[in-house]
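Source file: protein.cif; contents: mmCIF, C-alpha atoms and all ligand atoms.
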data_target
loop_
_atom_site.label_atom_id
_atom_site.label_comp_id
_atom_site.auth_asym_id
_atom_site.auth_seq_id
_atom_site.Cartn_x
_atom_site.Cartn_y
_atom_site.Cartn_z
CA MET Z 1 17.64 -13.22 -6.03
CA THR Z 2 17.21 -9.45 -6.18
CA HIS Z 3 15.55 -9.31 -9.57
CA LEU Z 4 12.78 -11.22 -11.29
CA GLN Z 5 11.41 -10.31 -14.68
CA THR Z 6 8.61 -11.67 -16.78
CA GLN Z 7 7.27 -10.83 -20.21
CA PRO Z 8 3.71 -10.13 -21.35
CA ARG Z 9 1.88 -13.22 -22.59
CA SER Z 10 -1.65 -12.21 -23.50
CA MET Z 11 -4.06 -9.32 -23.78
CA MET Z 12 -5.12 -7.80 -20.46
CA GLN Z 13 -8.70 -8.36 -19.28
CA SER Z 14 -9.85 -4.81 -18.60
CA THR Z 15 -10.39 -2.39 -21.46
CA TYR Z 16 -10.28 0.78 -19.29
CA LYS Z 17 -6.60 1.54 -18.74
CA PRO Z 18 -6.31 4.94 -17.03
CA LEU Z 19 -2.70 4.25 -15.99
CA THR Z 20 -1.29 3.52 -19.43
CA GLY Z 21 2.30 4.75 -19.75
CA GLN Z 22 2.76 5.12 -15.99
CA LYS Z 23 5.33 3.38 -13.81
CA ALA Z 24 4.38 2.26 -10.32
CA ILE Z 25 6.18 0.91 -7.28
CA VAL Z 26 4.11 -1.13 -4.82
CA THR Z 27 5.95 -2.01 -1.60
CA GLY Z 28 5.32 -5.35 0.10
CA ALA Z 29 3.59 -6.45 -3.09
CA ASN Z 30 3.90 -10.23 -2.88
CA SER Z 31 1.08 -10.76 -0.37
CA GLY Z 32 -2.41 -9.65 0.57
CA ILE Z 33 -3.37 -6.07 -0.23
CA GLY Z 34 -0.08 -5.17 -1.95
CA ARG Z 35 -0.41 -8.09 -4.32
CA GLY Z 36 -4.00 -7.14 -5.16
CA VAL Z 37 -2.95 -3.53 -5.76
CA ALA Z 38 -0.01 -4.51 -7.98
CA VAL Z 39 -2.24 -6.73 -10.13
CA ALA Z 40 -4.92 -4.04 -10.41
CA LEU Z 41 -2.45 -1.26 -11.34
CA ALA Z 42 -1.01 -3.49 -14.08
CA ARG Z 43 -4.53 -4.30 -15.26
CA ALA Z 44 -5.12 -0.54 -15.48
CA GLY Z 45 -2.10 -0.20 -17.76
CA ALA Z 46 0.79 0.65 -15.41
CA GLU Z 47 4.17 -1.05 -15.49
CA VAL Z 48 4.71 -2.26 -11.95
CA VAL Z 49 7.63 -2.85 -9.62
CA VAL Z 50 6.70 -5.63 -7.20
CA ASN Z 51 8.81 -4.77 -4.16
CA TRP Z 52 9.37 -7.65 -1.78
CA ARG Z 53 11.50 -8.47 1.24
CA ASP Z 54 10.91 -12.19 1.75
CA GLY Z 55 8.91 -14.91 0.01
CA GLU Z 56 10.53 -15.60 -3.36
CA ASP Z 57 7.79 -18.06 -4.45
CA ARG Z 58 5.01 -15.61 -3.63
CA THR Z 59 6.88 -12.93 -5.59
CA ARG Z 60 7.14 -15.18 -8.64
CA GLU Z 61 3.42 -16.01 -8.38
CA THR Z 62 2.57 -12.30 -8.27
CA LEU Z 63 4.61 -11.62 -11.40
CA GLU Z 64 2.99 -14.57 -13.15
CA GLU Z 65 -0.48 -13.34 -12.22
CA ILE Z 66 0.31 -9.95 -13.78
CA THR Z 67 1.92 -11.26 -16.93
CA ALA Z 68 -0.81 -13.88 -17.46
CA GLU Z 69 -3.11 -10.93 -18.11
CA GLY Z 70 -0.61 -9.23 -20.42
CA GLY Z 71 0.75 -6.79 -17.85
CA ARG Z 72 4.39 -5.89 -17.34
CA ALA Z 73 6.10 -6.21 -13.96
CA ILE Z 74 9.53 -6.66 -12.45
CA ALA Z 75 10.43 -7.57 -8.88
CA ILE Z 76 12.97 -5.69 -6.78
CA ARG Z 77 13.96 -6.88 -3.35
CA ALA Z 78 14.35 -4.18 -0.70
CA ASP Z 79 13.63 -3.70 2.98
CA VAL Z 80 11.66 -0.45 3.17
CA SER Z 81 12.94 0.31 6.66
CA ARG Z 82 16.54 0.54 5.36
CA GLU Z 83 17.55 3.81 3.72
CA GLU Z 84 20.14 2.27 1.38
CA ASP Z 85 17.66 -0.42 0.24
CA VAL Z 86 15.02 2.20 -0.55
CA GLN Z 87 17.47 4.35 -2.51
CA ARG Z 88 18.52 1.30 -4.53
CA LEU Z 89 14.85 0.38 -5.10
CA PHE Z 90 14.25 3.77 -6.73
CA GLN Z 91 17.56 3.78 -8.63
CA GLU Z 92 16.85 0.35 -10.11
CA THR Z 93 13.28 1.33 -10.94
CA CYS Z 94 14.44 4.44 -12.80
CA ALA Z 95 17.16 2.45 -14.55
CA ARG Z 96 14.65 -0.16 -15.75
CA PHE Z 97 11.50 1.94 -16.31
CA GLY Z 98 12.93 5.46 -16.82
CA THR Z 99 10.99 7.07 -13.98
CA VAL Z 100 8.28 6.41 -11.39
CA ASP Z 101 4.84 8.04 -11.47
CA ILE Z 102 3.02 6.18 -8.68
CA LEU Z 103 4.17 4.98 -5.27
CA VAL Z 104 1.94 2.73 -3.19
CA ASN Z 105 3.44 2.69 0.30
CA ASN Z 106 1.91 -0.61 1.35
CA ALA Z 107 4.50 -2.69 3.26
CA GLY Z 108 3.50 -3.14 6.87
CA LEU Z 109 3.48 -5.52 9.80
CA GLN Z 110 2.29 -6.04 13.36
CA ARG Z 111 4.15 -7.05 16.53
CA ASP Z 112 1.40 -7.26 19.13
CA ALA Z 113 1.74 -7.26 22.91
CA LYS Z 114 0.07 -5.95 26.03
CA PHE Z 115 1.52 -2.51 26.63
CA GLU Z 116 3.52 -3.41 29.74
CA ASP Z 117 5.08 -6.32 27.82
CA LEU Z 118 5.78 -4.38 24.62
CA THR Z 119 9.51 -4.52 23.94
CA LEU Z 120 11.54 -1.70 22.43
CA GLU Z 121 12.37 -4.06 19.58
CA GLN Z 122 8.66 -4.65 18.84
CA TRP Z 123 8.03 -0.90 19.00
CA ASN Z 124 10.99 -0.04 16.74
CA THR Z 125 10.20 -2.79 14.22
CA VAL Z 126 6.64 -1.59 13.67
CA ILE Z 127 7.51 2.11 13.59
CA GLY Z 128 10.54 1.34 11.39
CA VAL Z 129 8.53 -0.42 8.69
CA ASN Z 130 5.07 1.16 8.92
CA LEU Z 131 6.10 4.79 9.45
CA THR Z 132 9.81 5.28 8.71
CA GLY Z 133 9.52 2.95 5.71
CA GLN Z 134 6.71 5.08 4.31
CA PHE Z 135 8.77 8.24 4.89
CA LEU Z 136 11.86 6.82 3.16
CA CYS Z 137 9.92 5.65 0.09
CA ALA Z 138 7.88 8.86 -0.12
CA ARG Z 139 11.05 10.98 0.02
CA GLU Z 140 12.65 9.15 -2.90
CA ALA Z 141 9.39 9.36 -4.85
CA ILE Z 142 9.08 13.13 -4.26
CA ARG Z 143 12.67 13.66 -5.42
CA GLU Z 144 11.97 11.83 -8.68
CA PHE Z 145 8.56 13.51 -9.23
CA LYS Z 146 10.13 16.97 -8.78
CA ARG Z 147 13.11 16.14 -10.99
CA ARG Z 148 10.78 15.07 -13.84
CA GLY Z 149 7.79 17.39 -13.37
CA VAL Z 150 4.46 17.02 -15.14
CA VAL Z 151 4.39 15.17 -18.44
CA GLN Z 152 0.93 16.03 -19.77
CA SER Z 153 0.76 13.06 -22.12
CA VAL Z 154 1.18 10.70 -19.13
CA SER Z 155 -0.73 12.33 -16.25
CA ARG Z 156 -2.01 15.71 -15.10
CA ALA Z 157 0.07 15.28 -11.92
CA ALA Z 158 3.83 15.06 -11.54
CA GLY Z 159 3.30 12.04 -9.30
CA LYS Z 160 0.96 10.27 -6.93
CA ILE Z 161 1.66 8.71 -3.54
CA ILE Z 162 -0.83 6.38 -1.87
CA HIS Z 163 -0.10 5.52 1.75
CA MET Z 164 -1.64 2.31 3.06
CA SER Z 165 -2.86 3.42 6.45
CA SER Z 166 -5.61 1.74 8.50
CA VAL Z 167 -8.84 2.51 10.34
CA HIS Z 168 -6.46 2.43 13.32
CA GLU Z 169 -5.16 5.85 12.30
CA VAL Z 170 -8.30 7.02 14.15
CA ILE Z 171 -9.63 3.96 16.07
CA PRO Z 172 -7.57 3.27 19.20
CA TRP Z 173 -6.47 -0.40 19.46
CA ALA Z 174 -5.60 -1.88 22.83
CA GLY Z 175 -2.87 -4.48 22.63
CA HIS Z 176 -1.63 -2.98 19.37
CA VAL Z 177 -0.35 0.41 20.55
CA ASN Z 178 2.75 0.35 18.35
CA TYR Z 179 0.66 -0.41 15.25
CA ALA Z 180 -1.98 2.26 15.98
CA ALA Z 181 0.75 4.81 16.71
CA SER Z 182 2.43 4.00 13.39
CA LYS Z 183 -0.82 4.50 11.45
CA GLY Z 184 -1.67 7.70 13.33
CA GLY Z 185 1.77 8.88 12.26
CA VAL Z 186 1.07 7.90 8.67
CA MET Z 187 -2.03 10.08 8.71
CA MET Z 188 -0.10 13.25 9.58
CA LEU Z 189 2.83 12.27 7.35
CA MET Z 190 0.35 12.04 4.48
CA LYS Z 191 -1.50 15.28 5.24
CA SER Z 192 1.59 17.41 5.92
CA LEU Z 193 3.37 16.05 2.84
CA ALA Z 194 0.27 16.62 0.71
CA GLN Z 195 0.19 20.26 1.84
CA GLU Z 196 3.90 20.72 1.11
CA VAL Z 197 4.02 19.26 -2.40
CA ALA Z 198 0.62 20.20 -3.84
CA PRO Z 199 2.08 23.29 -5.61
CA ALA Z 200 4.40 20.91 -7.48
CA ARG Z 201 1.28 19.07 -8.72
CA ILE Z 202 2.04 16.02 -6.60
CA ARG Z 203 -0.93 14.29 -5.01
CA VAL Z 204 -0.62 12.43 -1.70
CA ASN Z 205 -3.48 10.41 -0.21
CA SER Z 206 -4.10 7.44 2.05
CA ILE Z 207 -6.30 4.39 1.87
CA SER Z 208 -7.44 3.30 5.31
CA PRO Z 209 -8.64 -0.30 5.12
CA GLY Z 210 -10.90 -1.90 7.70
CA ALA Z 211 -10.75 -5.70 8.05
CA ILE Z 212 -9.38 -7.19 4.83
CA ARG Z 213 -8.88 -10.93 4.32
CA THR Z 214 -5.06 -11.25 4.23
CA PRO Z 215 -2.36 -13.20 6.11
CA ILE Z 216 -1.75 -10.26 8.50
CA ASN Z 217 -5.03 -10.87 10.37
CA THR Z 218 -5.92 -14.56 9.86
CA ALA Z 219 -6.84 -14.81 13.55
CA ALA Z 220 -9.67 -12.29 12.98
CA TRP Z 221 -11.43 -14.28 10.23
CA GLY Z 222 -9.92 -17.80 10.18
CA THR Z 223 -12.68 -19.55 12.18
CA PRO Z 224 -16.50 -19.12 12.04
CA GLU Z 225 -16.45 -17.85 15.64
CA ALA Z 226 -13.77 -15.27 14.89
CA TYR Z 227 -15.60 -14.17 11.72
CA GLU Z 228 -18.90 -13.77 13.61
CA SER Z 229 -17.16 -11.71 16.27
CA LEU Z 230 -15.49 -9.55 13.60
CA MET Z 231 -18.84 -8.86 11.92
CA ARG Z 232 -20.04 -7.07 15.07
CA LEU Z 233 -17.55 -4.37 14.05
CA VAL Z 234 -18.56 -4.23 10.36
CA PRO Z 235 -21.97 -2.68 9.54
CA TYR Z 236 -21.73 -3.86 5.93
CA LYS Z 237 -21.55 -7.48 7.23
CA ARG Z 238 -18.79 -8.86 5.10
CA ILE Z 239 -15.03 -8.93 5.34
CA GLY Z 240 -13.12 -6.85 2.80
CA GLU Z 241 -11.09 -8.44 0.04
CA PRO Z 242 -7.76 -7.14 -1.37
CA ASP Z 243 -9.59 -6.21 -4.56
CA ASP Z 244 -11.81 -3.77 -2.61
CA ILE Z 245 -8.61 -1.87 -1.76
CA ALA Z 246 -7.05 -2.37 -5.19
CA ARG Z 247 -9.93 -0.66 -7.01
CA ALA Z 248 -9.66 2.35 -4.68
CA ALA Z 249 -5.90 2.48 -5.35
CA VAL Z 250 -6.42 2.55 -9.13
CA TRP Z 251 -8.79 5.47 -8.75
CA LEU Z 252 -6.44 7.42 -6.45
CA ALA Z 253 -3.52 6.77 -8.83
CA SER Z 254 -5.42 7.89 -11.91
CA ASP Z 255 -6.37 11.32 -13.23
CA ASP Z 256 -9.99 10.42 -12.36
CA SER Z 257 -9.09 11.69 -8.86
CA ASP Z 258 -6.96 14.62 -10.09
CA TYR Z 259 -8.44 17.15 -7.62
CA VAL Z 260 -8.08 14.79 -4.62
CA THR Z 261 -5.11 15.30 -2.31
CA GLY Z 262 -4.55 15.08 1.45
CA THR Z 263 -7.44 12.67 1.90
CA SER Z 264 -7.80 9.44 3.80
CA LEU Z 265 -10.20 7.16 1.96
CA TYR Z 266 -11.77 4.72 4.42
CA VAL Z 267 -12.50 1.42 2.70
CA ASP Z 268 -13.90 -0.37 5.71
CA GLY Z 269 -17.53 -1.50 5.30
CA GLY Z 270 -18.47 1.18 7.84
CA MET Z 271 -16.06 0.12 10.60
CA THR Z 272 -15.39 3.78 11.46
CA LEU Z 273 -19.14 4.46 11.93
CA TYR Z 274 -19.16 3.48 15.64
CA PRO Z 275 -21.26 0.32 14.99
CA GLU Z 276 -22.08 -0.13 18.70
CA PHE Z 277 -24.20 3.02 18.48
CA ALA Z 278 -26.53 1.43 15.91
CA SER Z 279 -28.47 -0.12 18.79
CA GLY Z 280 -27.23 1.82 21.81
CA GLY Z 281 -26.12 5.22 22.97
P1 LIG D 1 0.45 -8.99 4.51
O1 LIG D 1 1.19 -9.50 5.69
O2 LIG D 1 -0.28 -9.95 3.64
O3 LIG D 1 1.41 -8.12 3.58
C1 LIG D 1 2.39 -7.26 4.09
C2 LIG D 1 3.53 -7.17 3.09
O4 LIG D 1 4.51 -6.27 3.57
C3 LIG D 1 4.22 -8.51 2.87
O5 LIG D 1 4.50 -8.66 1.50
C4 LIG D 1 5.52 -8.35 3.66
O6 LIG D 1 6.57 -9.17 3.18
C5 LIG D 1 5.78 -6.87 3.40
N1 LIG D 1 6.78 -6.30 4.30
C6 LIG D 1 6.82 -6.35 5.65
N2 LIG D 1 7.92 -5.73 6.10
C7 LIG D 1 8.58 -5.27 5.00
C8 LIG D 1 9.78 -4.54 4.81
N3 LIG D 1 10.53 -4.15 5.84
N4 LIG D 1 10.15 -4.22 3.54
C9 LIG D 1 9.41 -4.60 2.48
N5 LIG D 1 8.25 -5.30 2.60
C10 LIG D 1 7.86 -5.63 3.86
O7 LIG D 1 -0.55 -7.90 5.10
P2 LIG D 1 -1.65 -6.96 4.39
O8 LIG D 1 -2.89 -7.11 5.15
O9 LIG D 1 -1.67 -7.16 2.92
O10 LIG D 1 -1.05 -5.52 4.76
C11 LIG D 1 -0.69 -4.55 3.79
C12 LIG D 1 -0.87 -3.16 4.37
O11 LIG D 1 -2.24 -2.94 4.67
C13 LIG D 1 -0.12 -2.95 5.70
O12 LIG D 1 0.43 -1.63 5.72
C14 LIG D 1 -1.22 -3.07 6.73
O13 LIG D 1 -0.92 -2.36 7.92
C15 LIG D 1 -2.38 -2.46 5.98
N6 LIG D 1 -3.71 -2.84 6.53
C16 LIG D 1 -4.17 -4.12 6.44
C17 LIG D 1 -5.43 -4.41 6.95
C18 LIG D 1 -6.03 -5.79 6.88
O14 LIG D 1 -7.12 -6.00 7.43
N7 LIG D 1 -5.42 -6.76 6.21
C19 LIG D 1 -6.19 -3.41 7.55
C20 LIG D 1 -5.66 -2.12 7.62
C21 LIG D 1 -4.43 -1.84 7.11
#

Rewritten as structure tokens:
Amino acid sequence: MTHLQTQPRSMMQSTYKPLTGQKAIVTGANSGIGRGVAVALARAGAEVVVNWRDGEDRTRETLEEITAEGGRAIAIRADVSREEDVQRLFQETCARFGTVDILVNNAGLQRDAKFEDLTLEQWNTVIGVNLTGQFLCAREAIREFKRRGVVQSVSRAAGKIIHMSSVHEVIPWAGHVNYAASKGGVMMLMKSLAQEVAPARIRVNSISPGAIRTPINTAAWGTPEAYESLMRLVPYKRIGEPDDIARAAVWLASDDSDYVTGTSLYVDGGMTLYPEFASGG
């Protein structure tokens, strides 16, 4: 299966739809944060491409969740680390939806190891998806945004890219060097690209989540002991939910943030506030 399509069934819940008429691609959108973002963008009025690589059942569930609220979504299978897959993802999106206005570069993974045990394959896999994958998708998006230009009736910008980074773009992470390096790379990819394309009225920003309850980090919240330990790192004293990220993504994708570009929005319950210094230092 490379394609899944569903039809609208009912009126959407939210009445504020700042993304009406816009077409969005969300990569890795059948799980966790990507799924929450895809649902929220559709709720805000966008037509959404749910990109997925594996997990056909989860993809179908995501489409059903969107269409149950009256949203419109299609699924396109593509591995974001493969250039030909990414080019086909954008070609199919443009063939089905006409263009793309919003890219959420969300797909990501971890392959953890102590540094001396880290294999080249683990390094290349994480850099290939988390950093090269974001480059490949952003490049196709920029090409389409520049080809089309601004359509005032749709958005004040010619296009918006949201990179899913992490607090680990700035917080070092022992045992996860490949992951932290990939997110540090995403930060400068985002900023340099934002600088380059701003004159074309293209906005490029990142969301940097802290600890969000998704399958990628079950070990960090799956038991009461793990959760208690995690809370020592979170001043706000709760784990984040995908919807915390999704609402930030809607704002960054909409004209409500029209003067915002080159920014990393930390959605982390204060994780980047050096919590140990609250009672020390
Ligand atoms: P998740 O494992 O639930 O979702 C990751 C998604 O990416 C899945 O749908 C997976 O199939 C997809 N994916 C992986 N490789 C892919 C590829 N090559 N091509 C296409 N899709 C691919 O994890 P999540 O927590 O929802 O993570 C989403 C993003 O958020 C990642 O970039 C992650 O680094 C980032 N993030 C997550 C947290 C957190 O606490 N959960 C914190 C900071 C950053």

Collect all residues with atoms no farther than 8 Å from ligand LIG 1 (chain D), counting all atoms listed in the file, and output them as a PyMOL selection string. chain Z and resi 27-35+51-55+77-82+105-110+128-130+133+164-168+179+183+208-217+240+242

So which residues fall inside 8 Å of (-0.6, -3.1, 14.9) if we count only C-alpha atoms? Mind giving them as a ChimeraX atom specification? /Z:109-112,126,173,176-180,182

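The closest residue to Ala278 of chain Z, picked from Z:Gly262, Z:Gly98, Z:Gly222, Z:Pro235 and counting only C-alpha atoms, is Z:Pro235.
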
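Atom to atom, atom CA of Met231 of chain Z and atom CA of Asp244 of chain Z stand 16.9 Å apart.
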
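Across Z:Ser229, Z:Thr125, Z:Gln195, Z:Ser254, the tightest approach to Lys17 of chain Z is made by Z:Ser254 when counting all atoms listed in the file.
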
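When the distance limit is 8 Å and only C-alpha atoms are what count, the residues near Lys114 of chain Z, minus those fewer than 4 positions from it on the same chain, are Leu118, Ala174, Gly175 and His176 of chain Z.
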
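Distance annotation: of Z:Ile102, Z:Val260, Z:Ala113, Z:Ile202, the residue with the minimal separation from Ala158 of chain Z is Z:Ile202; atom set is only C-alpha atoms.
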
Can you measure atom CA of Ile245 of chain Z to atom CA of Met188 of chain Z for me? One decimal in Å is fine. 20.7 Å

Using only C-alpha atoms, collect all residues at a distance of at most 8 Å from (8.9, 10.4, -11.6) as written in the file, then present them as a CSV table (one decimal) with C-alpha atoms, keeping the file's coordinate frame.
chain,number,residue,atom,x,y,z
Z,99,THR,CA,11.0,7.1,-14.0
Z,100,VAL,CA,8.3,6.4,-11.4
Z,101,ASP,CA,4.8,8.0,-11.5
Z,102,ILE,CA,3.0,6.2,-8.7
Z,141,ALA,CA,9.4,9.4,-4.8
Z,142,ILE,CA,9.1,13.1,-4.3
Z,143,ARG,CA,12.7,13.7,-5.4
Z,144,GLU,CA,12.0,11.8,-8.7
Z,145,PHE,CA,8.6,13.5,-9.2
Z,146,LYS,CA,10.1,17.0,-8.8
Z,147,ARG,CA,13.1,16.1,-11.0
Z,148,ARG,CA,10.8,15.1,-13.8
Z,149,GLY,CA,7.8,17.4,-13.4
Z,158,ALA,CA,3.8,15.1,-11.5
Z,159,GLY,CA,3.3,12.0,-9.3
